[in-house]
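Have a look at model39.pdb; it's PDB, C-alpha atoms and all ligand atoms:
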ATOM      1  CA  MET E   1       6.380  -9.897  -1.698
ATOM      2  CA  ALA E   2       8.437 -12.658  -0.106
ATOM      3  CA  ASP E   3       8.323 -13.313   3.611
ATOM      4  CA  VAL E   4      11.260 -13.915   5.917
ATOM      5  CA  LYS E   5      11.104 -16.407   8.732
ATOM      6  CA  ILE E   6      12.209 -15.153  12.140
ATOM      7  CA  GLY E   7      12.024 -18.014  14.613
ATOM      8  CA  PHE E   8       8.603 -19.321  13.728
ATOM      9  CA  VAL E   9       7.191 -15.929  12.785
ATOM     10  CA  PHE E  10       6.720 -15.111   9.130
ATOM     11  CA  MET E  11       7.135 -11.410   8.558
ATOM     12  CA  PRO E  12       6.949  -9.178   5.499
ATOM     13  CA  GLN E  13      10.404  -8.712   3.990
ATOM     14  CA  THR E  14      10.903  -4.956   4.119
ATOM     15  CA  GLN E  15      13.629  -2.734   5.458
ATOM     16  CA  SER E  16      11.576  -1.659   8.444
ATOM     17  CA  LEU E  17       9.874  -5.050   8.766
ATOM     18  CA  ILE E  18       6.593  -3.206   8.189
ATOM     19  CA  ASP E  19       5.375  -2.533   4.689
ATOM     20  CA  LEU E  20       2.840   0.253   4.997
ATOM     21  CA  ALA E  21       1.668  -0.316   1.433
ATOM     22  CA  ALA E  22       0.713  -3.972   1.854
ATOM     23  CA  ILE E  23      -1.982  -5.817   3.773
ATOM     24  CA  HIS E  24      -0.850  -9.064   5.358
ATOM     25  CA  TRP E  25      -2.630 -12.072   6.825
ATOM     26  CA  THR E  26      -5.873 -11.452   4.964
ATOM     27  CA  THR E  27      -7.105 -15.058   5.004
ATOM     28  CA  ASN E  28      -8.218 -16.982   8.058
ATOM     29  CA  SER E  29      -5.384 -19.476   7.671
ATOM     30  CA  TYR E  30      -2.687 -16.774   7.498
ATOM     31  CA  TRP E  31      -4.291 -14.951  10.393
ATOM     32  CA  GLN E  32      -4.289 -18.105  12.520
ATOM     33  CA  ALA E  33      -0.719 -18.895  11.467
ATOM     34  CA  ILE E  34       0.765 -15.514  12.359
ATOM     35  CA  ASN E  35      -0.995 -15.420  15.705
ATOM     36  CA  HIS E  36      -0.121 -18.992  16.665
ATOM     37  CA  SER E  37       3.489 -18.587  15.624
ATOM     38  CA  LEU E  38       3.852 -15.254  17.397
ATOM     39  CA  ALA E  39       2.385 -16.710  20.600
ATOM     40  CA  HIS E  40       4.728 -19.673  20.275
ATOM     41  CA  VAL E  41       7.845 -17.542  19.827
ATOM     42  CA  ILE E  42       6.906 -15.321  22.763
ATOM     43  CA  SER E  43       6.430 -18.388  24.947
ATOM     44  CA  ARG E  44       9.988 -19.555  24.100
ATOM     45  CA  TYR E  45      11.664 -16.395  25.434
ATOM     46  CA  PRO E  46       9.946 -15.516  28.726
ATOM     47  CA  THR E  47      13.086 -14.120  30.378
ATOM     48  CA  GLN E  48      14.551 -12.365  27.345
ATOM     49  CA  LEU E  49      11.222 -10.685  26.557
ATOM     50  CA  ARG E  50      10.563  -9.467  30.098
ATOM     51  CA  ALA E  51      11.536  -5.887  29.199
ATOM     52  CA  SER E  52       9.336  -6.049  26.097
ATOM     53  CA  VAL E  53       6.380  -7.159  28.223
ATOM     54  CA  ALA E  54       7.013  -4.145  30.479
ATOM     55  CA  THR E  55       7.098  -1.874  27.416
ATOM     56  CA  ALA E  56       3.827  -3.376  26.194
ATOM     57  CA  GLN E  57       2.262  -2.741  29.603
ATOM     58  CA  GLN E  58       3.471   0.865  29.475
ATOM     59  CA  ILE E  59       1.912   1.204  26.024
ATOM     60  CA  ASN E  60      -1.328  -0.182  27.413
ATOM     61  CA  HIS E  61      -1.187   2.351  30.246
ATOM     62  CA  TRP E  62      -0.766   5.241  27.790
ATOM     63  CA  PHE E  63      -3.614   3.907  25.661
ATOM     64  CA  GLN E  64      -5.869   3.872  28.730
ATOM     65  CA  GLU E  65      -5.062   7.566  29.201
ATOM     66  CA  LEU E  66      -5.603   8.279  25.520
ATOM     67  CA  PHE E  67      -8.930   6.513  25.000
ATOM     68  CA  PRO E  68     -11.124   8.830  27.145
ATOM     69  CA  LEU E  69      -9.718  11.788  25.214
ATOM     70  CA  MET E  70     -10.551  10.050  21.935
ATOM     71  CA  GLU E  71     -14.046   9.213  23.213
ATOM     72  CA  GLU E  72     -14.631  12.858  24.056
ATOM     73  CA  LEU E  73     -13.380  14.000  20.689
ATOM     74  CA  CYS E  74     -15.405  11.388  18.784
ATOM     75  CA  ALA E  75     -18.559  12.200  20.747
ATOM     76  CA  ALA E  76     -18.212  15.816  19.632
ATOM     77  CA  THR E  77     -17.558  15.015  15.971
ATOM     78  CA  CYS E  78     -18.233  11.482  14.671
ATOM     79  CA  ALA E  79     -21.905  11.115  15.624
ATOM     80  CA  HIS E  80     -22.942  13.657  13.002
ATOM     81  CA  CYS E  81     -20.244  13.008  10.433
ATOM     82  CA  PRO E  82     -21.589  12.997   6.849
ATOM     83  CA  ASP E  83     -18.674  10.928   5.555
ATOM     84  CA  PRO E  84     -17.339   8.464   8.163
ATOM     85  CA  CYS E  85     -13.656   7.845   7.533
ATOM     86  CA  CYS E  86     -13.959   4.113   8.321
ATOM     87  CA  LEU E  87     -15.942   3.590   5.113
ATOM     88  CA  SER E  88     -12.990   4.602   2.980
ATOM     89  CA  ALA E  89     -10.104   3.984   5.391
ATOM     90  CA  ARG E  90      -7.186   2.051   3.954
ATOM     91  CA  ALA E  91      -6.306   0.706   7.381
ATOM     92  CA  TRP E  92      -5.137  -2.701   8.524
ATOM     93  CA  ILE E  93      -3.548  -4.501  11.431
ATOM     94  CA  ASP E  94       0.242  -4.564  11.225
ATOM     95  CA  PHE E  95       2.957  -6.524  12.978
ATOM     96  CA  ARG E  96       3.466  -3.933  15.718
ATOM     97  CA  ASP E  97      -0.235  -4.136  16.579
ATOM     98  CA  LEU E  98      -0.071  -7.924  16.869
ATOM     99  CA  LEU E  99       3.151  -7.876  18.859
ATOM    100  CA  TYR E 100       1.789  -5.353  21.343
ATOM    101  CA  TRP E 101      -1.498  -7.240  21.752
ATOM    102  CA  HIS E 102       0.280 -10.533  22.356
ATOM    103  CA  LEU E 103       2.772  -9.111  24.849
ATOM    104  CA  ALA E 104       0.168  -7.058  26.731
ATOM    105  CA  GLN E 105      -2.425  -9.850  26.495
ATOM    106  CA  ILE E 106      -4.981  -7.691  24.745
ATOM    107  CA  ASP E 107      -7.905  -9.345  22.909
ATOM    108  CA  ILE E 108      -6.993  -9.811  19.252
ATOM    109  CA  PRO E 109      -9.616  -9.288  16.529
ATOM    110  CA  ALA E 110     -10.850 -12.484  14.894
ATOM    111  CA  GLN E 111      -9.638 -11.402  11.458
ATOM    112  CA  GLN E 112      -7.640  -8.778   9.592
ATOM    113  CA  LEU E 113      -9.714  -5.639   8.901
ATOM    114  CA  ARG E 114     -10.091  -6.365   5.197
ATOM    115  CA  ALA E 115      -9.507  -9.247   2.812
ATOM    116  CA  ARG E 116      -8.835  -7.013  -0.188
ATOM    117  CA  ALA E 117      -7.462  -3.521  -0.636
ATOM    118  CA  ASP E 118     -10.775  -2.090  -1.810
ATOM    119  CA  ASP E 119     -12.953  -3.729   0.871
ATOM    120  CA  THR E 120     -14.602  -1.686   3.599
ATOM    121  CA  CYS E 121     -13.382  -2.550   7.091
ATOM    122  CA  ARG E 122     -15.367  -5.555   8.341
ATOM    123  CA  TYR E 123     -15.623  -4.016  11.815
ATOM    124  CA  PHE E 124     -17.470  -0.913  10.656
ATOM    125  CA  SER E 125     -21.134  -0.553  11.600
ATOM    126  CA  PRO E 126     -23.601   2.310  11.236
ATOM    127  CA  LYS E 127     -23.070   2.949  14.933
ATOM    128  CA  GLY E 128     -19.309   3.057  14.560
ATOM    129  CA  CYS E 129     -16.502   0.587  15.146
ATOM    130  CA  THR E 130     -17.539  -2.734  16.668
ATOM    131  CA  LEU E 131     -14.084  -3.427  18.108
ATOM    132  CA  PRO E 132     -13.168  -2.253  21.597
ATOM    133  CA  ARG E 133     -10.698   0.598  21.387
ATOM    134  CA  SER E 134      -7.877  -1.514  22.809
ATOM    135  CA  SER E 135      -8.303  -4.025  19.958
ATOM    136  CA  ARG E 136      -8.234  -1.522  17.118
ATOM    137  CA  PRO E 137      -5.038  -1.125  15.143
ATOM    138  CA  TRP E 138      -2.798   1.817  15.928
ATOM    139  CA  ILE E 139      -3.637   3.553  12.663
ATOM    140  CA  CYS E 140      -7.277   3.898  13.806
ATOM    141  CA  THR E 141      -6.211   5.532  17.078
ATOM    142  CA  TRP E 142      -3.484   7.613  15.510
ATOM    143  CA  TYR E 143      -5.757   9.177  12.893
ATOM    144  CA  LEU E 144      -7.368  12.521  13.705
ATOM    145  CA  CYS E 145      -9.377  14.065  10.906
ATOM    146  CA  ALA E 146      -9.438  17.794  10.181
ATOM    147  CA  THR E 147     -12.828  18.143  11.885
ATOM    148  CA  GLN E 148     -11.538  16.555  15.077
ATOM    149  CA  THR E 149      -8.375  18.618  15.088
ATOM    150  CA  ALA E 150     -10.358  21.836  14.640
ATOM    151  CA  CYS E 151     -12.885  20.798  17.282
ATOM    152  CA  GLY E 152     -10.147  19.887  19.752
ATOM    153  CA  ARG E 153      -8.342  23.181  19.226
ATOM    154  CA  ARG E 154     -11.572  25.064  19.763
ATOM    155  CA  GLN E 155     -13.196  23.152  22.637
ATOM    156  CA  PHE E 156     -10.383  21.491  24.623
ATOM    157  CA  PRO E 157      -6.949  22.664  23.471
ATOM    158  CA  HIS E 158      -5.106  21.392  26.557
ATOM    159  CA  LYS E 159      -6.562  17.909  26.166
ATOM    160  CA  LEU E 160      -5.673  17.945  22.482
ATOM    161  CA  GLN E 161      -2.108  18.864  23.391
ATOM    162  CA  TYR E 162      -1.929  16.008  25.885
ATOM    163  CA  LEU E 163      -3.427  13.636  23.316
ATOM    164  CA  THR E 164      -0.726  14.673  20.856
ATOM    165  CA  THR E 165       1.950  14.031  23.469
ATOM    166  CA  LEU E 166       0.568  10.570  24.200
ATOM    167  CA  ARG E 167       0.429   9.692  20.511
ATOM    168  CA  ALA E 168       4.087  10.651  20.108
ATOM    169  CA  LYS E 169       5.064   8.470  23.086
ATOM    170  CA  LEU E 170       3.043   5.572  21.726
ATOM    171  CA  LYS E 171       4.491   5.835  18.261
ATOM    172  CA  LYS E 172       8.035   5.754  19.619
ATOM    173  CA  ALA E 173       7.344   2.909  22.050
ATOM    174  CA  ARG E 174       5.737   0.757  19.344
ATOM    175  CA  GLY E 175       8.882   1.055  17.261
ATOM    176  CA  GLN E 176      11.081   0.226  20.249
ATOM    177  CA  LEU E 177       8.926  -2.794  21.018
ATOM    178  CA  GLU E 178       9.421  -4.203  17.545
ATOM    179  CA  GLU E 179      13.177  -3.541  17.571
ATOM    180  CA  ALA E 180      13.631  -5.200  20.976
ATOM    181  CA  PHE E 181      11.585  -8.217  19.920
ATOM    182  CA  ILE E 182      13.556  -8.691  16.710
ATOM    183  CA  ALA E 183      16.814  -8.415  18.653
ATOM    184  CA  VAL E 184      15.713 -11.218  20.994
ATOM    185  CA  VAL E 185      14.334 -13.685  18.463
ATOM    186  CA  THR E 186      16.904 -13.339  15.667
TER     187      THR E 186
HETATM  188  S1  LIG E 201     -12.895  10.795  12.645
HETATM  189 FE1  LIG E 201     -13.587  12.561  11.417
HETATM  190  S2  LIG E 201     -14.000  11.727   9.343
HETATM  191 FE2  LIG E 201     -13.935  10.002  10.810
HETATM  192  S3  LIG E 201     -16.070   9.651  11.432
HETATM  193 FE3  LIG E 201     -15.128  11.021  12.951
HETATM  194  S4  LIG E 201     -15.615  13.105  12.253
HETATM  195 FE4  LIG E 201     -15.953  11.704  10.511
HETATM  196  S1  LIG E 202     -11.132  -1.112  12.958
HETATM  197 FE1  LIG E 202     -12.812   0.204  13.581
HETATM  198  S2  LIG E 202     -11.912   2.274  13.687
HETATM  199 FE2  LIG E 202     -10.540   0.996  12.422
HETATM  200  S3  LIG E 202     -11.194   1.276  10.279
HETATM  201 FE3  LIG E 202     -12.286  -0.515  11.100
HETATM  202  S4  LIG E 202     -14.255   0.279  11.838
HETATM  203 FE4  LIG E 202     -12.858   2.028  11.615
END
Go ahead and express the file in the form of structure tokens.
Amino acid sequence: MADVKIGFVFMPQTQSLIDLAAIHWTTNSYWQAINHSLAHVISRYPTQLRASVATAQQINHWFQELFPLMEELCAATCAHCPDPCCLSARAWIDFRDLLYWHLAQIDIPAQQLRARADDTCRYFSPKGCTLPRSSRPWICTWYLCATQTACGRRQFPHKLQYLTTLRAKLKKARGQLEEAFIAVVT
């Protein structure tokens, strides 16, 4: 798939600017290039991107509310899981993840999750994910398996409802962040 150049940022050429069926920046050189170019573009538009920085900070705030709920849910389910989803997850870091991390100044993982489509995530360990929650891609936070959903409904339904509300807010805000950024830099 061809890339389009927006400012100095190379992005996948798709209608939504995010191709959910493709992994990007799988080599170290591409990973360095996208992150350096994104940081460079952001540094060129400090005034124009002020609202986007505020949106990224709001996203960070919602994540901080979400993570304890996820911790509670994972503690009740993942520790004894016979088939950890991370071993077979087809997850990767996308442009919205990178944009949010750059704007909110969140630590960025050293590499994309996988080099090839059939690789296991490089951040998986027998004790779980080795990345801090704030540095995991959205797909890893968004995903609730059937066991977790059932457990949440049974043990803490109100928290599960709040978690669902937060996820909806985050999903919408991530899209708005990308749209606002594209509007500024193109
Ligand atoms: S999220 Fe679900 S499938 Fe994944 S490790 Fe936890 S319990 Fe297992
Ligand atoms: S980044 Fe962490 S949570 Fe996401 S797939 Fe990899 S090991 Fe699992």
Do you have, as a tab-separated table, the list of residues of chain E lying at most 9 Å from ligand LIG 202 (chain E), each with its nearest atom pair and that distance in Å to one decimal, counting only C-alpha atoms and all ligand atoms and ordered by chain then number?
residue	atom	partner	partner_atom	distance
E:Pro84	CA	E:LIG202	FE4	8.6
E:Cys85	CA	E:LIG202	FE4	7.2
E:Cys86	CA	E:LIG202	FE4	4.1
E:Leu87	CA	E:LIG202	FE4	7.4
E:Ser88	CA	E:LIG202	S3	8.2
E:Ala89	CA	E:LIG202	S3	5.7
E:Arg90	CA	E:LIG202	S3	7.5
E:Ala91	CA	E:LIG202	S3	5.7
E:Trp92	CA	E:LIG202	S3	7.5
E:Ile93	CA	E:LIG202	S1	8.4
E:Leu113	CA	E:LIG202	FE3	6.1
E:Arg114	CA	E:LIG202	FE3	8.6
E:Thr120	CA	E:LIG202	FE3	7.9
E:Cys121	CA	E:LIG202	FE3	4.6
E:Arg122	CA	E:LIG202	FE3	6.5
E:Tyr123	CA	E:LIG202	S4	4.5
E:Phe124	CA	E:LIG202	S4	3.6
E:Ser125	CA	E:LIG202	S4	6.9
E:Gly128	CA	E:LIG202	S4	6.4
E:Cys129	CA	E:LIG202	S4	4.0
E:Thr130	CA	E:LIG202	FE1	6.4
E:Leu131	CA	E:LIG202	FE1	5.9
E:Pro132	CA	E:LIG202	FE1	8.4
E:Arg133	CA	E:LIG202	S2	8.0
E:Ser135	CA	E:LIG202	S1	8.1
E:Arg136	CA	E:LIG202	S1	5.1
E:Pro137	CA	E:LIG202	S1	6.5
E:Trp138	CA	E:LIG202	FE2	8.5
E:Ile139	CA	E:LIG202	FE2	7.4
E:Cys140	CA	E:LIG202	FE2	4.6
E:Thr141	CA	E:LIG202	S2	7.4
As a quick test: using all atoms listed in the file, which residues lie no more than 7 Å away from ligand LIG 201 (chain E)? Give them as a list in words.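 Protein and nucleic-acid residues within 7 Å of ligand LIG 201 (chain E): Cys74, Thr77, Cys78, Cys81, Pro82, Asp83, Pro84, Cys85, Cys86, Leu144, Cys145, Ala146, Thr147 and Gln148 of chain E.
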Listed atoms of region 101-117 of chain E boxed axis-aligned with 6 Å per side, centre + edges as lines of an AutoDock Vina configuration file:
center_x = -4.0
center_y = -8.0
center_z = 13.0
size_x = 25.6
size_y = 21.0
size_z = 39.4
Taken to one decimal, the CA of Thr27 (chain E)-CA of Ala115 (chain E) distance is 6.7 Å
What residues come out when you apply the PyMOL selection byres (((chain E and resi 96) around 10) and not hetatm) to this file, written as an MDAnalysis selection string? chainID E and resid 17:18 93:95 97:102 137:138 174:179
Straight-line distance linking CA of Asn60 (chain E) with CA of Ala76 (chain E), stated in Å to one decimal: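 Result for CA of Asn60 (chain E) versus CA of Ala76 (chain E): 24.5 Å, one decimal.
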The PyMOL selection byres (((chain E and resi 36-48) around 8) and not hetatm) - which residues does that actually catch in the file I just gave you? List them as a PyMOL selection string. chain E and resi 7-9+32-35+49-51+99+102-103+184-185
Two-atom distance - CA of Ala56 (chain E), CA of Glu72 (chain E) (Å):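 It comes out at 24.7 Å.
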Among listed residues E:Leu160, E:Leu166, E:Cys151, E:Ala79, nearest Gln64 (chain E) (using only C-alpha atoms):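 Looking at the shortest contact to Gln64 (chain E), the residue is E:Leu166.
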Could you check the closest approach to Arg167 (chain E) for each of E:Tyr30, E:Gln57, E:His24, E:Trp142 and tell me which residue wins, using all atoms listed in the file?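 Looking only at the distances to Arg167 (chain E), the closest residue turns out to be E:Trp142.
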